[in-house]
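Trainee: My structure is in coords27.txt, and what it holds is compact mmCIF, C-alpha atoms:
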# COMPACT_ATOMS: atom_id res chain seq x y z
CA MET O 1 28.59 152.95 73.53
CA PRO O 2 29.88 149.33 73.71
CA ALA O 3 28.74 147.32 76.73
CA PRO O 4 31.29 146.52 79.46
CA GLN O 5 33.30 143.41 78.60
CA LYS O 6 35.05 141.05 81.01
CA ILE O 7 38.38 140.28 79.37
CA SER O 8 40.03 137.95 81.91
CA THR O 9 40.24 136.64 85.47
CA MET O 10 43.62 136.62 87.18
CA ARG O 11 45.50 136.94 90.47
CA LEU O 12 46.25 140.63 90.86
CA ALA O 13 48.73 142.18 93.29
CA VAL O 14 47.02 144.36 95.89
CA SER O 15 49.65 147.04 95.34
CA GLU O 16 48.66 147.31 91.66
CA ILE O 17 45.02 148.20 92.37
CA GLU O 18 44.09 151.88 92.42
CA ILE O 19 41.05 152.88 94.50
CA PRO O 20 39.08 155.81 93.04
CA ASP O 21 36.55 157.80 95.08
CA ARG O 22 33.86 155.47 96.40
CA LEU O 23 30.12 155.87 96.84
CA ARG O 24 30.31 154.65 100.45
CA ASP O 25 32.92 154.17 103.14
CA VAL O 26 34.42 150.90 104.29
CA ASP O 27 32.45 149.26 107.09
CA PRO O 28 34.95 147.79 109.61
CA LYS O 29 32.34 145.23 110.74
CA LYS O 30 31.99 143.90 107.21
CA VAL O 31 35.77 143.69 106.84
CA ALA O 32 35.96 141.79 110.16
CA LEU O 33 33.38 139.27 108.91
CA ILE O 34 35.34 138.66 105.71
CA VAL O 35 38.58 138.24 107.68
CA GLN O 36 36.89 135.79 110.07
CA SER O 37 35.39 133.77 107.22
CA ALA O 38 38.70 133.64 105.35
CA SER O 39 40.58 132.70 108.54
CA ASP O 40 38.18 129.80 109.11
CA GLY O 41 39.49 128.24 105.92
CA HIS O 42 37.02 129.54 103.38
CA GLY O 43 39.35 132.16 101.92
CA ILE O 44 38.11 135.16 100.00
CA ARG O 45 35.68 133.31 97.77
CA ASP O 46 34.47 136.01 95.37
CA ALA O 47 36.68 137.82 92.90
CA ILE O 48 36.86 141.58 93.01
CA HIS O 49 36.15 143.56 89.84
CA VAL O 50 38.60 146.05 88.33
CA ARG O 51 38.74 148.23 85.27
CA LYS O 52 41.86 147.97 83.11
CA THR O 53 43.16 151.20 81.58
CA SER O 54 46.45 152.40 80.12
CA LYS O 55 47.22 153.80 83.59
CA GLY O 56 46.65 150.56 85.46
CA TYR O 57 43.88 148.72 87.30
CA PHE O 58 41.07 150.65 89.02
CA LEU O 59 38.71 149.06 91.51
CA ILE O 60 35.04 148.73 90.50
CA ASP O 61 33.65 146.39 93.17
CA GLY O 62 35.22 144.65 96.16
CA ARG O 63 36.48 147.41 98.48
CA HIS O 64 35.78 145.35 101.62
CA ARG O 65 37.50 142.27 100.19
CA LEU O 66 40.48 144.42 99.25
CA ALA O 67 40.60 145.96 102.73
CA SER O 68 40.64 142.43 104.19
CA CYS O 69 43.90 141.54 102.46
CA ASP O 70 46.13 143.44 104.89
CA PRO O 71 44.87 141.76 108.12
CA LEU O 72 44.92 138.42 106.30
CA GLY O 73 48.49 138.95 105.08
CA LEU O 74 47.51 138.56 101.43
CA ASP O 75 49.61 140.19 98.71
CA ASP O 76 47.22 139.36 95.87
CA LEU O 77 43.69 138.16 95.18
CA GLU O 78 41.54 137.00 92.32
CA ALA O 79 40.14 139.76 90.12
CA ASP O 80 37.78 139.91 87.16
CA ILE O 81 39.29 142.36 84.67
CA TRP O 82 36.87 144.57 82.75
CA LYS O 83 37.15 146.75 79.67
CA CYS O 84 34.73 149.62 80.18
CA THR O 85 34.49 153.39 80.50
CA GLU O 86 34.79 155.26 83.79
CA ASP O 87 31.05 155.99 83.65
CA GLN O 88 30.24 152.31 83.18
CA ALA O 89 32.53 151.40 86.07
CA ARG O 90 30.71 153.85 88.32
CA PHE O 91 27.39 152.39 87.19
CA MET O 92 28.63 148.89 88.02
CA GLU O 93 29.78 150.04 91.47
CA ALA O 94 26.35 151.47 92.23
CA ASP O 95 24.74 148.22 91.04
CA ALA O 96 27.03 146.18 93.29
CA ASN O 97 26.14 148.35 96.29
CA LEU O 98 22.43 147.95 95.67
CA SER O 99 22.62 144.19 95.25
CA GLY O 100 25.22 143.53 97.94
CA GLY O 101 22.95 143.22 100.96
CA PHE O 102 22.02 145.68 103.71
CA LEU O 103 22.37 149.34 102.83
CA THR O 104 21.73 152.23 105.16
CA PRO O 105 19.23 154.79 103.81
CA LEU O 106 22.19 157.12 103.17
CA ASP O 107 24.09 154.51 101.14
CA MET O 108 20.97 153.64 99.14
CA ALA O 109 20.15 157.28 98.35
CA VAL O 110 23.71 158.06 97.25
CA SER O 111 24.03 154.86 95.18
CA LEU O 112 20.69 155.37 93.45
CA ALA O 113 21.45 159.02 92.67
CA GLU O 114 24.79 158.05 91.14
CA ARG O 115 23.22 155.19 89.22
CA LYS O 116 20.58 157.51 87.81
CA ARG O 117 23.23 159.95 86.63
CA PHE O 118 24.98 157.30 84.56
CA TYR O 119 21.77 155.60 83.47
CA GLU O 120 20.60 158.85 81.88
CA LYS O 121 24.01 159.38 80.28
CA MET O 122 23.72 155.98 78.63
CA TYR O 123 20.01 156.37 77.84
CA PRO O 124 19.45 160.13 77.41
CA GLU O 125 16.01 159.49 75.95
CA THR O 126 14.76 158.44 79.41
CA LYS O 127 15.26 161.89 80.95
CA ARG O 128 12.12 163.73 81.99
CA GLY O 129 10.89 165.93 79.15
CA VAL O 130 13.09 164.21 76.59
CA ALA O 131 11.30 160.87 76.31
CA GLY O 132 8.09 162.31 74.87
CA ALA O 133 9.86 164.38 72.24
CA MET O 134 12.05 161.50 71.10
CA ALA O 135 9.08 159.15 70.97
CA ARG O 136 7.25 161.54 68.66
CA HIS O 137 10.22 161.41 66.30
CA GLY O 138 10.61 157.64 66.54
CA GLN O 139 14.03 157.89 68.18
CA GLN O 140 13.34 156.48 71.62
CA GLN O 141 15.28 153.30 72.43
CA THR O 142 13.53 152.50 75.69
CA GLU O 143 10.31 153.65 77.28
CA MET O 144 11.43 152.98 80.81
CA SER O 145 12.48 155.94 82.96
CA PHE O 146 15.12 155.40 85.61
CA ALA O 147 12.53 155.53 88.39
CA GLN O 148 10.48 152.81 86.70
CA TYR O 149 13.57 150.73 85.99
CA ILE O 150 15.05 150.89 89.49
CA GLY O 151 11.61 150.38 91.01
CA GLU O 152 11.40 147.03 89.23
CA VAL O 153 14.98 146.08 90.15
CA VAL O 154 14.82 147.03 93.84
CA GLY O 155 11.14 146.21 94.35
CA ILE O 156 9.77 149.66 95.16
CA THR O 157 7.37 152.00 93.39
CA ALA O 158 8.61 154.52 90.84
CA ARG O 159 7.45 157.29 93.19
CA GLN O 160 9.54 155.87 96.05
CA ALA O 161 12.54 155.61 93.73
CA GLN O 162 12.10 159.24 92.68
CA ARG O 163 12.03 160.42 96.30
CA ILE O 164 15.08 158.36 97.29
CA VAL O 165 17.02 159.60 94.27
CA ALA O 166 16.03 163.20 95.05
CA ALA O 167 17.36 162.71 98.57
CA GLY O 168 20.70 161.46 97.23
CA GLU O 169 20.93 164.23 94.65
CA GLY O 170 20.32 166.80 97.38
CA LEU O 171 23.55 165.84 99.18
CA LYS O 172 26.99 167.18 98.35
CA SER O 173 30.04 164.93 98.72
CA ASP O 174 31.04 166.79 101.90
CA ASP O 175 27.55 166.21 103.32
CA VAL O 176 27.78 162.48 102.67
CA ALA O 177 31.21 162.25 104.31
CA ALA O 178 29.96 164.12 107.40
CA LEU O 179 26.81 162.01 107.70
CA GLN O 180 28.63 158.67 107.43
CA VAL O 181 29.42 158.79 111.15
CA VAL O 182 25.70 158.67 111.96
CA SER O 183 24.50 156.85 108.84
CA ARG O 184 22.97 153.96 110.80
CA GLN O 185 20.84 156.37 112.84
CA LEU O 186 19.50 158.24 109.82
CA LYS O 187 16.07 157.38 108.46
CA MET O 188 14.93 157.87 104.90
CA ASN O 189 12.64 160.66 106.14
CA ASP O 190 15.75 162.52 107.30
CA LEU O 191 17.15 162.37 103.79
CA TYR O 192 13.82 163.46 102.29
CA GLU O 193 13.88 166.45 104.65
CA ILE O 194 17.44 167.37 103.67
CA ALA O 195 16.45 167.17 100.01
CA LYS O 196 13.87 169.92 100.62
CA VAL O 197 16.59 172.37 101.71
CA SER O 198 17.36 174.76 98.87
CA GLU O 199 19.95 176.98 100.58
CA ASP O 200 23.52 175.70 100.94
CA ALA O 201 24.01 177.44 104.30
CA GLU O 202 20.98 175.74 105.84
CA ARG O 203 21.88 172.35 104.41
CA ARG O 204 25.42 172.57 105.84
CA GLU O 205 24.11 173.45 109.29
CA VAL O 206 21.47 170.72 109.21
CA VAL O 207 24.12 168.16 108.27
CA ARG O 208 26.48 169.44 111.00
CA ALA O 209 23.75 169.25 113.63
CA LEU O 210 22.97 165.64 112.68
CA ALA O 211 26.62 164.60 112.46
CA ALA O 212 27.42 166.19 115.84
CA GLY O 213 24.38 164.64 117.53
CA LYS O 214 22.84 168.05 118.29
CA ALA O 215 19.63 166.92 116.59
CA LYS O 216 18.26 163.39 116.22
CA THR O 217 16.26 164.15 113.08
CA ALA O 218 16.67 166.43 110.09
CA SER O 219 13.33 168.04 110.89
CA LYS O 220 14.59 168.96 114.37
CA ALA O 221 17.86 170.24 112.89
CA ARG O 222 15.93 172.51 110.50
CA LYS O 223 13.92 173.92 113.40
CA LEU O 224 17.14 174.65 115.30
CA TYR O 225 18.54 176.42 112.25
CA ALA O 226 15.37 178.47 111.78
CA ALA O 227 15.50 179.53 115.44
CA ALA O 228 19.19 180.44 115.22
CA THR O 229 18.62 182.63 112.16
CA GLY O 230 15.53 184.30 113.61
CA ASP O 231 13.11 182.70 111.16
CA ALA O 232 11.31 180.81 113.92
CA PRO O 233 11.00 180.93 117.71
CA ALA O 234 13.57 178.93 119.62
CA PRO O 235 12.47 175.37 120.42
CA VAL O 236 10.83 175.14 123.84
CA ASP O 237 12.93 173.49 126.53
CA PRO O 238 10.60 170.79 127.94
CA VAL O 239 12.04 171.18 131.47
CA ASP O 240 11.48 174.95 131.38
CA ALA O 241 7.96 174.43 130.03
CA GLU O 242 7.11 172.07 132.92
CA PHE O 243 8.67 174.49 135.42
CA GLN O 244 6.56 177.37 134.13
CA ALA O 245 3.43 175.20 134.28
CA LEU O 246 4.15 174.32 137.93
CA LEU O 247 4.68 178.01 138.79
CA LYS O 248 1.36 178.96 137.20
CA ALA O 249 -0.48 176.16 139.00
CA TRP O 250 1.07 177.19 142.32
CA GLY O 251 0.13 180.82 141.74
CA ARG O 252 -3.51 179.93 141.04
CA ALA O 253 -3.90 177.53 143.97
CA ARG O 254 -5.51 178.50 147.31
CA ARG O 255 -3.41 178.61 150.47
CA SER O 256 -5.10 175.47 151.84
CA ALA O 257 -4.38 173.61 148.59
CA ARG O 258 -0.72 174.69 148.72
CA ALA O 259 -0.44 173.45 152.32
CA ARG O 260 -1.94 170.07 151.40
CA PHE O 261 0.40 169.83 148.38
CA LEU O 262 3.49 170.55 150.52
CA ASP O 263 2.38 167.97 153.06
CA ARG O 264 1.96 165.38 150.29
CA ILE O 265 5.41 165.90 148.76
CA SER O 266 7.37 166.79 151.94
CA ASP O 267 9.23 163.46 152.10
CA GLU O 268 10.15 163.56 148.41
CA LEU O 269 11.19 167.21 148.70
CA ARG O 270 13.42 166.47 151.70
CA ALA O 271 15.09 163.58 149.86
CA MET O 272 15.77 165.78 146.83
CA LEU O 273 17.32 168.52 148.99
CA GLU O 274 19.54 166.03 150.80
CA ALA O 275 20.69 164.56 147.48
CA ASP O 276 21.53 168.03 146.11
CA ASN O 277 23.55 168.89 149.24
CA ALA O 278 25.40 165.59 149.39
Go ahead and express the file in the form of structure tokens.

Mentor:
Amino acid sequence: MPAPQKISTMRLAVSEIEIPDRLRDVDPKKVALIVQSASDGHGIRDAIHVRKTSKGYFLIDGRHRLASCDPLGLDDLEADIWKCTEDQARFMEADANLSGGFLTPLDMAVSLAERKRFYEKMYPETKRGVAGAMARHGQQQTEMSFAQYIGEVVGITARQAQRIVAAGEGLKSDDVAALQVVSRQLKMNDLYEIAKVSEDAERREVVRALAAGKAKTASKARKLYAAATGDAPAPVDPVDAEFQALLKAWGRARRSARARFLDRISDELRAMLEADNA
């Protein structure tokens, strides 16, 4: 497969650029920063990247710059034009995401999973179980698995890369869309936990609970699901647990101890009753 080739750089009309499905949503804050920078006289400094096909121009990298054109009143912007396959374009998009600054754990997991998919399409000998067989027959082109490769690029261990990729691979496109609303609150451990879920029904409910704010962590969401399906006892309400503990302590206490306790808290109790009746 020929490598991607940049064939030209030109001003391209915004209306000519098609936007295929993206690995992550537009961040309004990032768009606002680009608009502010451009308004201060710097302009949109970096060219976007597009893939040229017989059907037109398709965006590879630069979604936020493209989204900034409307508020800036721009009809066109500079674009690097590439000749490449759709798979290579997707690979380049994932690369741009990973090298473009801060990524939420969700964005990183999804981008790495997508990058792995196309990496192994381009280098099938790096797939687990295939590398050894190809090496024995002298056919292997590279000894580096995706996990090793991305570990070196991003600066993490191969094991960390494997876990992050597994988390991204465990999410369906609908899951990713639902989780985007809380993506900044999600931790990588939440994505690891979701990746453990083997049943579609449980994964959907876990994602819904996180997206709706019913659970702050994936672990908590899984416990809620287990309780709802009868696979585990319902989570204990901390207020109810404290109430039951107070009742037990009161029931065990002597009359003299109860009298002393009521005397100690009488002012606080009176204030609480007055507040409730107000």

Trainee: Which one of O:Leu77, O:Val206, O:Ala47, O:Val176 sits closest to O:Ile60 if you count only C-alpha atoms?

Mentor: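 Smallest separation from O:Ile60 among the options: O:Ala47.
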
Trainee: Fewer than 3 positions away in the same chain doesn't count, so skip those; otherwise give me all residues within 12 Å of O:Ser15, counting all atoms listed in the file, as number ranges by chain.

Mentor: O: 11-12, 18-19, 56-59, 66-67, 69-70, 74-77

Trainee: Check the smallest atom-to-atom distance from each of O:Lys214, O:Cys84, O:Ala221, O:Phe243 to O:Glu193 using all atoms listed in the file, then report the winner.

Mentor: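 Answer, going by the shortest atom-to-atom distance: O:Ala221.
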
Trainee: Please list, as a CSV table (one decimal) with C-alpha atoms, keeping the file's coordinate frame, the residues that have an atom at most 12 Å away from (10.8, 154.7, 92.9) in the coordinates of this file, counting all atoms listed in the file.

Mentor:
chain,number,residue,atom,x,y,z
O,108,MET,CA,21.0,153.6,99.1
O,109,ALA,CA,20.2,157.3,98.4
O,112,LEU,CA,20.7,155.4,93.4
O,113,ALA,CA,21.4,159.0,92.7
O,116,LYS,CA,20.6,157.5,87.8
O,145,SER,CA,12.5,155.9,83.0
O,146,PHE,CA,15.1,155.4,85.6
O,147,ALA,CA,12.5,155.5,88.4
O,148,GLN,CA,10.5,152.8,86.7
O,149,TYR,CA,13.6,150.7,86.0
O,150,ILE,CA,15.0,150.9,89.5
O,151,GLY,CA,11.6,150.4,91.0
O,152,GLU,CA,11.4,147.0,89.2
O,153,VAL,CA,15.0,146.1,90.2
O,154,VAL,CA,14.8,147.0,93.8
O,155,GLY,CA,11.1,146.2,94.4
O,156,ILE,CA,9.8,149.7,95.2
O,157,THR,CA,7.4,152.0,93.4
O,158,ALA,CA,8.6,154.5,90.8
O,159,ARG,CA,7.4,157.3,93.2
O,160,GLN,CA,9.5,155.9,96.0
O,161,ALA,CA,12.5,155.6,93.7
O,162,GLN,CA,12.1,159.2,92.7
O,163,ARG,CA,12.0,160.4,96.3
O,164,ILE,CA,15.1,158.4,97.3
O,165,VAL,CA,17.0,159.6,94.3
O,166,ALA,CA,16.0,163.2,95.0
O,167,ALA,CA,17.4,162.7,98.6

Trainee: Which value, in Å to one decimal, gives the distance between atom CA of O:Ala94 and atom CA of O:Ser111?

Mentor: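 Atom CA of O:Ala94 sits 5.1 Å away from atom CA of O:Ser111.
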
Trainee: For O:Pro105, which of O:Val31, O:Ala89, O:Leu191, O:Met122 is the closest residue, counting all atoms listed in the file?

Mentor: O:Leu191

Trainee: Choose the residue, out of O:Ala211, O:Leu273, O:Val182, O:Ile265, that has the smallest atom-to-atom separation from O:Thr104; count all atoms listed in the file.

Mentor: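 Using all atoms listed in the file, O:Thr104 sits closest to O:Val182.
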
Trainee: Would you fill the gaps in stretch 193-226 of chain O so it has N, CA and C atoms, then print it as a PDB file, keeping the file's coordinate frame?

Mentor:
ATOM      1  N   GLU O 193      13.928 165.095 104.079  1.00  0.00           N
ATOM      2  CA  GLU O 193      13.880 166.450 104.650  1.00  0.00           C
ATOM      3  C   GLU O 193      15.069 167.276 104.179  1.00  0.00           C
ATOM      4  N   ILE O 194      16.249 166.666 104.146  1.00  0.00           N
ATOM      5  CA  ILE O 194      17.440 167.370 103.670  1.00  0.00           C
ATOM      6  C   ILE O 194      17.269 167.769 102.202  1.00  0.00           C
ATOM      7  N   ALA O 195      16.639 166.892 101.432  1.00  0.00           N
ATOM      8  CA  ALA O 195      16.450 167.170 100.010  1.00  0.00           C
ATOM      9  C   ALA O 195      15.563 168.391  99.772  1.00  0.00           C
ATOM     10  N   LYS O 196      14.735 168.744 100.746  1.00  0.00           N
ATOM     11  CA  LYS O 196      13.870 169.920 100.620  1.00  0.00           C
ATOM     12  C   LYS O 196      14.644 171.230 100.785  1.00  0.00           C
ATOM     13  N   VAL O 197      15.831 171.155 101.394  1.00  0.00           N
ATOM     14  CA  VAL O 197      16.590 172.370 101.710  1.00  0.00           C
ATOM     15  C   VAL O 197      17.208 172.931 100.436  1.00  0.00           C
ATOM     16  N   SER O 198      16.867 174.155 100.106  1.00  0.00           N
ATOM     17  CA  SER O 198      17.360 174.760  98.870  1.00  0.00           C
ATOM     18  C   SER O 198      18.599 175.627  99.082  1.00  0.00           C
ATOM     19  N   GLU O 199      18.812 176.103 100.310  1.00  0.00           N
ATOM     20  CA  GLU O 199      19.950 176.980 100.580  1.00  0.00           C
ATOM     21  C   GLU O 199      21.143 176.171 101.100  1.00  0.00           C
ATOM     22  N   ASP O 200      22.320 176.425 100.535  1.00  0.00           N
ATOM     23  CA  ASP O 200      23.520 175.700 100.940  1.00  0.00           C
ATOM     24  C   ASP O 200      23.840 175.901 102.420  1.00  0.00           C
ATOM     25  N   ALA O 201      23.673 177.138 102.900  1.00  0.00           N
ATOM     26  CA  ALA O 201      24.010 177.440 104.300  1.00  0.00           C
ATOM     27  C   ALA O 201      23.162 176.619 105.254  1.00  0.00           C
ATOM     28  N   GLU O 202      21.856 176.524 104.972  1.00  0.00           N
ATOM     29  CA  GLU O 202      20.980 175.740 105.840  1.00  0.00           C
ATOM     30  C   GLU O 202      21.331 174.269 105.762  1.00  0.00           C
ATOM     31  N   ARG O 203      21.577 173.764 104.548  1.00  0.00           N
ATOM     32  CA  ARG O 203      21.880 172.350 104.410  1.00  0.00           C
ATOM     33  C   ARG O 203      23.144 171.984 105.179  1.00  0.00           C
ATOM     34  N   ARG O 204      24.175 172.847 105.104  1.00  0.00           N
ATOM     35  CA  ARG O 204      25.420 172.570 105.840  1.00  0.00           C
ATOM     36  C   ARG O 204      25.172 172.503 107.338  1.00  0.00           C
ATOM     37  N   GLU O 205      24.372 173.430 107.861  1.00  0.00           N
ATOM     38  CA  GLU O 205      24.110 173.450 109.290  1.00  0.00           C
ATOM     39  C   GLU O 205      23.260 172.274 109.736  1.00  0.00           C
ATOM     40  N   VAL O 206      22.309 171.887 108.897  1.00  0.00           N
ATOM     41  CA  VAL O 206      21.470 170.720 109.210  1.00  0.00           C
ATOM     42  C   VAL O 206      22.339 169.470 109.278  1.00  0.00           C
ATOM     43  N   VAL O 207      23.223 169.313 108.304  1.00  0.00           N
ATOM     44  CA  VAL O 207      24.120 168.160 108.270  1.00  0.00           C
ATOM     45  C   VAL O 207      25.044 168.166 109.488  1.00  0.00           C
ATOM     46  N   ARG O 208      25.587 169.343 109.835  1.00  0.00           N
ATOM     47  CA  ARG O 208      26.480 169.440 111.000  1.00  0.00           C
ATOM     48  C   ARG O 208      25.750 169.072 112.287  1.00  0.00           C
ATOM     49  N   ALA O 209      24.523 169.546 112.416  1.00  0.00           N
ATOM     50  CA  ALA O 209      23.750 169.250 113.630  1.00  0.00           C
ATOM     51  C   ALA O 209      23.497 167.753 113.759  1.00  0.00           C
ATOM     52  N   LEU O 210      23.194 167.082 112.648  1.00  0.00           N
ATOM     53  CA  LEU O 210      22.970 165.640 112.680  1.00  0.00           C
ATOM     54  C   LEU O 210      24.266 164.894 112.975  1.00  0.00           C
ATOM     55  N   ALA O 211      25.341 165.287 112.298  1.00  0.00           N
ATOM     56  CA  ALA O 211      26.620 164.600 112.460  1.00  0.00           C
ATOM     57  C   ALA O 211      27.173 164.765 113.877  1.00  0.00           C
ATOM     58  N   ALA O 212      26.917 165.916 114.497  1.00  0.00           N
ATOM     59  CA  ALA O 212      27.420 166.190 115.840  1.00  0.00           C
ATOM     60  C   ALA O 212      26.492 165.678 116.931  1.00  0.00           C
ATOM     61  N   GLY O 213      25.336 165.146 116.542  1.00  0.00           N
ATOM     62  CA  GLY O 213      24.380 164.640 117.530  1.00  0.00           C
ATOM     63  C   GLY O 213      23.584 165.730 118.220  1.00  0.00           C
ATOM     64  N   LYS O 214      23.614 166.960 117.688  1.00  0.00           N
ATOM     65  CA  LYS O 214      22.840 168.050 118.290  1.00  0.00           C
ATOM     66  C   LYS O 214      21.352 167.919 117.982  1.00  0.00           C
ATOM     67  N   ALA O 215      21.032 167.166 116.948  1.00  0.00           N
ATOM     68  CA  ALA O 215      19.630 166.920 116.590  1.00  0.00           C
ATOM     69  C   ALA O 215      19.523 165.462 116.153  1.00  0.00           C
ATOM     70  N   LYS O 216      18.441 164.805 116.563  1.00  0.00           N
ATOM     71  CA  LYS O 216      18.260 163.390 116.220  1.00  0.00           C
ATOM     72  C   LYS O 216      17.600 163.202 114.870  1.00  0.00           C
ATOM     73  N   THR O 217      16.917 164.235 114.382  1.00  0.00           N
ATOM     74  CA  THR O 217      16.260 164.150 113.080  1.00  0.00           C
ATOM     75  C   THR O 217      16.564 165.397 112.273  1.00  0.00           C
ATOM     76  N   ALA O 218      16.444 165.278 110.952  1.00  0.00           N
ATOM     77  CA  ALA O 218      16.670 166.430 110.090  1.00  0.00           C
ATOM     78  C   ALA O 218      15.620 167.506 110.321  1.00  0.00           C
ATOM     79  N   SER O 219      14.394 167.084 110.613  1.00  0.00           N
ATOM     80  CA  SER O 219      13.330 168.040 110.890  1.00  0.00           C
ATOM     81  C   SER O 219      13.679 168.889 112.118  1.00  0.00           C
ATOM     82  N   LYS O 220      14.185 168.243 113.166  1.00  0.00           N
ATOM     83  CA  LYS O 220      14.590 168.960 114.370  1.00  0.00           C
ATOM     84  C   LYS O 220      15.765 169.887 114.068  1.00  0.00           C
ATOM     85  N   ALA O 221      16.702 169.420 113.256  1.00  0.00           N
ATOM     86  CA  ALA O 221      17.860 170.240 112.890  1.00  0.00           C
ATOM     87  C   ALA O 221      17.427 171.485 112.114  1.00  0.00           C
ATOM     88  N   ARG O 222      16.433 171.351 111.263  1.00  0.00           N
ATOM     89  CA  ARG O 222      15.930 172.510 110.500  1.00  0.00           C
ATOM     90  C   ARG O 222      15.264 173.517 111.432  1.00  0.00           C
ATOM     91  N   LYS O 223      14.562 173.024 112.438  1.00  0.00           N
ATOM     92  CA  LYS O 223      13.920 173.920 113.400  1.00  0.00           C
ATOM     93  C   LYS O 223      14.975 174.685 114.205  1.00  0.00           C
ATOM     94  N   LEU O 224      16.050 173.994 114.576  1.00  0.00           N
ATOM     95  CA  LEU O 224      17.140 174.650 115.300  1.00  0.00           C
ATOM     96  C   LEU O 224      17.775 175.738 114.437  1.00  0.00           C
ATOM     97  N   TYR O 225      17.950 175.433 113.165  1.00  0.00           N
ATOM     98  CA  TYR O 225      18.540 176.420 112.250  1.00  0.00           C
ATOM     99  C   TYR O 225      17.626 177.623 112.093  1.00  0.00           C
ATOM    100  N   ALA O 226      16.334 177.368 111.936  1.00  0.00           N
ATOM    101  CA  ALA O 226      15.370 178.470 111.780  1.00  0.00           C
ATOM    102  C   ALA O 226      15.366 179.354 113.019  1.00  0.00           C
TER     103      ALA O 226
END
